6 protein chains.
Amino acid sequence: MRVLVANPNASEAITEVCAKLARAAASPGTEVIGWTNREGPPVIDSFYGDYSAGRPLVRALVGFRPRPDAVVLAGFGNYGTAAAKEALDIPVLGMAEAAMALAAPFCHRFVILTTSRRMVPYTEDLVAALGFADRCRAVRSIELPPVGVDQPAGGRVVEALTEVVHRIETESLADLVILGGSRLSPFAERLRLYSRLPILEPVACAVQMVEAVVRLGLRQSKIGKYAPPPLPLADYG
Amino acid sequence: MRVLVANPNASEAITEVCAKLARAAASPGTEVIGWTNREGPPVIDSFYGDYSAGRPLVRALVGFRPRPDAVVLAGFGNYGTAAAKEALDIPVLGMAEAAMALAAPFCHRFVILTTSRRMVPYTEDLVAALGFADRCRAVRSIELPPVGVDQPAGGRVVEALTEVVHRIETESLADLVILGGSRLSPFAERLRLYSRLPILEPVACAVQMVEAVVRLGLRQSKIGKYAPPPLPLADYG
Amino acid sequence: MRVLVANPNASEAITEVCAKLARAAASPGTEVIGWTNREGPPVIDSFYGDYSAGRPLVRALVGFRPRPDAVVLAGFGNYGTAAAKEALDIPVLGMAEAAMALAAPFCHRFVILTTSRRMVPYTEDLVAALGFADRCRAVRSIELPPVGVDQPAGGRVVEALTEVVHRIETESLADLVILGGSRLSPFAERLRLYSRLPILEPVACAVQMVEAVVRLGLRQSKIGKYAPPPLPLADYG
Amino acid sequence: MRVLVANPNASEAITEVCAKLARAAASPGTEVIGWTNREGPPVIDSFYGDYSAGRPLVRALVGFRPRPDAVVLAGFGNYGTAAAKEALDIPVLGMAEAAMALAAPFCHRFVILTTSRRMVPYTEDLVAALGFADRCRAVRSIELPPVGVDQPAGGRVVEALTEVVHRIETESLADLVILGGSRLSPFAERLRLYSRLPILEPVACAVQMVEAVVRLGLRQSKIGKYAPPPLPLADYG
Amino acid sequence: MRVLVANPNASEAITEVCAKLARAAASPGTEVIGWTNREGPPVIDSFYGDYSAGRPLVRALVGFRPRPDAVVLAGFGNYGTAAAKEALDIPVLGMAEAAMALAAPFCHRFVILTTSRRMVPYTEDLVAALGFADRCRAVRSIELPPVGVDQPAGGRVVEALTEVVHRIETESLADLVILGGSRLSPFAERLRLYSRLPILEPVACAVQMVEAVVRLGLRQSKIGKYAPPPLPLADYG
Amino acid sequence: MRVLVANPNASEAITEVCAKLARAAASPGTEVIGWTNREGPPVIDSFYGDYSAGRPLVRALVGFRPRPDAVVLAGFGNYGTAAAKEALDIPVLGMAEAAMALAAPFCHRFVILTTSRRMVPYTEDLVAALGFADRCRAVRSIELPPVGVDQPAGGRVVEALTEVVHRIETESLADLVILGGSRLSPFAERLRLYSRLPILEPVACAVQMVEAVVRLGLRQSKIGKYAPPPLPLADYG
């Protein structure tokens, strides 16, 4: 099975990180193809980021050859997930929806950690749009500097994440944590050393879940919401 | 006051229709500037349409000179409304949210009419995202042919709309109708002849509501969700 | 356009304050008529207050001559708003519903400040009844003394409000504040000096919004919930 | 135990009906005192009716001597229920909330039957305000003529009710019916002959439930929402 | 009237406590029969506890002779409440649903106190399943040691409960407390000495409420959800 | 990987059907072990069925040797799913929650088909308990005779299912169907021949999803809701 792991932003470094996580998570026999949305924004840190990413992302996915068996969208947001599901007739799965769907049967309430206070309302909207608001206790954030600025050392990020996770455990009675941003994904493994709560890393969740969907012969329903756009894609400009 | 009525799609004909409705609705002293998203899609009939429209729309709005006092987004959808609110520091108001906000104090439950069965789930998502799900009894549709195909005569459209409105009144105990698509807006006036229910035409609602907001000195809160994107817009590619 | 700004309580001082705020907010050409519900209670600080205010309020509004073009109900509560909408066939708009409807498109989540801890559950019920519970992060209060008792100096009230607003900004990730009581309305302007969050003063919101509604030719739907009471008003005793 | 069954409207005939139903439902040792809100409206068929009824109702209840042990409000609506709970320190229970609270543990979803199409939105608001929206499958109506107009024969009303109940059973999978109006209460017994679904008659429910509350030494919490109004009642005018 | 107060666990001591509370709450003429689920678990402190208790509980209730007029399930959980309602054609009422139904008309928001942090998610699920989530401000816990371990002195438990109740009053604006576990029920009376909030003891609530239901001639609707299981009970093994 | 497919009822025939579906769905290298809850009921068609099944099911799962890597619960209900998650420290996944979690990212709204009208409220409760109520348009039923009675020919069942699915497509705008009962699972493949909507067969969904969970190193969070029961299992009797 060939799974395209599509990074909606233009950062090759993030693509590499995601592809590595995806490969580590993939089953034997699954080929992971990393892809970077080079015409997209350097990072998706805003609604504007979403709309910068969406069109080139979907156009490229549709034209990608040889066609993969499924697509994982490796960003924790809403940069055209539904548009990709419309435009493609192979399974398309966003890493946010994969993580929440996998979390649902295995916890009481989850918490999502995001990369900055700014992304909290954005992420709250995402959770609601995906229908998981009742299962999400809260969205919390650490404060990563914007992309392009000097990043803190990994150890410092893990410390900040650990602190928030401990507070979650003590105060909110949530029992599972989802890392809500591909920039946080690389820290999942280290964070697990310091936490008793399960830590979901969404790229891995999405790869495994989309594999399952392919094996089941499923894809997004093409009757209704995700029917192909009425016009040929090229006509949308 | 100068209000930019921005048509998110590339159809000049729709822009003209919207600008005309906007001018008819505007207060004396309000100048309505019609604008067409020429780099956008010919119609927004899908999620892919949304993501085709969003980036050029926001980029153009930010660069528009002389700067208007407010922007009305003249499409009944989610083609970057939040992104425009982030990127701009003048009031930005979508016609869908204007219509629902105006409807709320003046009815028990509203119904939204849309242009095709295909747009029903799309519109249900929109209503939920804007927080009006509890006030919306249902989304119903007539069936307009896709843009580019021969359109039915206006009388036939009004008939179809009238029929749905009558069914709404009888069956659903909704007491107000919102026309959910700029392609339906021109029929508002004629439809009112055949219906006892108030018919909201969203372009007019948005123009009047954004005038109110300008006079009140308000705009979207720039603290939190709609704070400017962290990077300069040009850096998003 | 003639807008009747009806204070549901019997305090002329509050009427003056509201009329002044209304005039400052009204468009040129809008005449604001302040009116006091002299047969109503001195203040609406309870459910009992609501029911003391409602009947004389609606009776007087129906008989008011010359008839205004619209009515703004200048109290942040539920003292017969729906009854007035039934009984009148001109637009009737409560200041609470106006503020929430205007806030909706311009923030992520709002907070309502009220005049005492006692009014918090009252206001939570109001928010839910108007359908805005999903958009309201919390209702918070300062603690004004009851009407009739010596009032704190304005500066002290502004300080108390500022403190709550700062706590809101830090803790709750709400991004807009609504002043939930006509006794708080006069402090809006000074409070804005100390806050980065937009502060909505509901009398102004209601005046502007009802002007919009009049210009649009709208009013509450008279089919269904707000149909006229079945008996002549006088028959209700 | 003395239970005051307060009819919020001015119709002695309705009071008699309610008192009779109450007496039939009361436990031995419970004295039922029927009371008519003579200063209230002849019927509560609208929001205006609510606000006509509320003030005289609460004033009279507060002054009633000798003081009863509890009050049942014998109207299916919201004509000052919360105001009475504030103003009194004995248990106050509305017949609508009693019926829904009793129904909750004994069915999956209930349906409320009301007296006219006009009262459907009114009743939907009531259900939501009382927090039972998730348990209520629908509000349905027959069409009684307004009070004062010739009423249909009882048999005809029972037929109309029976027909709706049968439709409920077949179509909606609701499994319990609440009669939502004191004008419907007298038909409960006959309706039960024709229906397999339990039919709740709210006056009886309220009498039994308030007896339970008195025996338990409970009443509405006077800390918070139902604390006494800040001013002496007489000061509310 | 004969009311069977069925303790779903095997602890005779708890049965005695519950029967005593039930007798104190019952009306004259009501005979309370305490019954212990001797084949059930020693305590219900988990979902596994629920499923250990349910089958022997229902089997015994069905076979109980002479048949009582109603059954109160004296555990604050979900150990087969719906199964008992299916299997029996006399009224069956759980003490959790009784307490919440009685609380609803008499408070704004209630809080449930449970016996350990472990039971908080369990209880949150229970509240949601019974349809009272909108009325429940929070589930809070003290920390009782597991059954079988040395228990703290009663005074210490009352202190812990008092402390939580005071925090509830100050912080959460809840205005009523439900004791969420039969192990907490004996402390209700002493706790009331230290709290202004009404404290609901669910065994008493259930006895009074089920008496009301019997007098009203009601029981769970046997049409639909609580219809008898399709096979004879013995066939379920 | 060894996956135990546990049929909560005592029917070997159903176990065989489920095991066959599970093997067809499993990845190479996954060993599927069918297991029958011989001490359980012959069918789970009621809440009483749930509580008959739960205790022996969990006891047997805990003692099963050699220990599998994960457990799939092959019944579409709530016969102790949470209890099994508490008692075991390997992943436990019910087929209902698996199907809904997999459906969520791939449709707008799903419909669940169940085996009889009787199971509709049961299934509505299940959907709500799992947190998917917002995504479920409706629960619909065909009418299979009870187990033990002569069953209709497979073709007839497929016809009945097809008819309901067509009605769903036309009327409800749902875009995906979940077969809600292991008795319906065998018909999935034939039903797909007659429907454009995706048909989810939950056994297959659960096997694939639990494989994913095992590969990801996940299981139910053991902190909080699913922590082991406080007492040794044997002590629960």
# chains A, B, ... in the order shown; residues from 1 in each chain; ligands from 1
$ closest_atom_pairs --of "chain D" --to "chain F" --cutoff "12 Å" --atoms "only C-alpha atoms" --output "Markdown table"
| residue | atom | partner | partner_atom | distance |
| --- | --- | --- | --- | --- |
| D:Cys107 | CA | F:Pro121 | CA | 10.1 |
| D:His108 | CA | F:Pro121 | CA | 6.8 |
| D:Arg109 | CA | F:Pro121 | CA | 8.7 |
| D:Asp134 | CA | F:Ala128 | CA | 10.6 |
| D:Arg135 | CA | F:Asp125 | CA | 11.4 |
| D:Arg137 | CA | F:Pro121 | CA | 11.8 |
| D:Glu169 | CA | F:Arg117 | CA | 11.6 |
| D:Thr170 | CA | F:Arg117 | CA | 10.6 |
| D:Glu171 | CA | F:Arg117 | CA | 11.2 |
| D:Ser172 | CA | F:Val120 | CA | 10.9 |
| D:Leu173 | CA | F:Pro121 | CA | 7.9 |
| D:Ala174 | CA | F:Pro121 | CA | 9.2 |
| D:Asp175 | CA | F:Pro121 | CA | 9.9 |
$ residues_around --residues "region 231-236 of chain E" --least-positions-apart "2" --cutoff "12 Å" --atoms "only C-alpha atoms" --output "MDAnalysis selection string"
(chainID E and resid 55:56 58:63 83:84 86:88 227:229) or (chainID F and resid 8:11 37:54 145:149)
$ atom_distance --atom1 "CA of Ala22 (chain F)" --atom2 "CA of Val207 (chain F)"
6.2 Å
$ atom_distance --atom1 "CA of Arg65 (chain B)" --atom2 "CA of Leu93 (chain B)"
18.6 Å
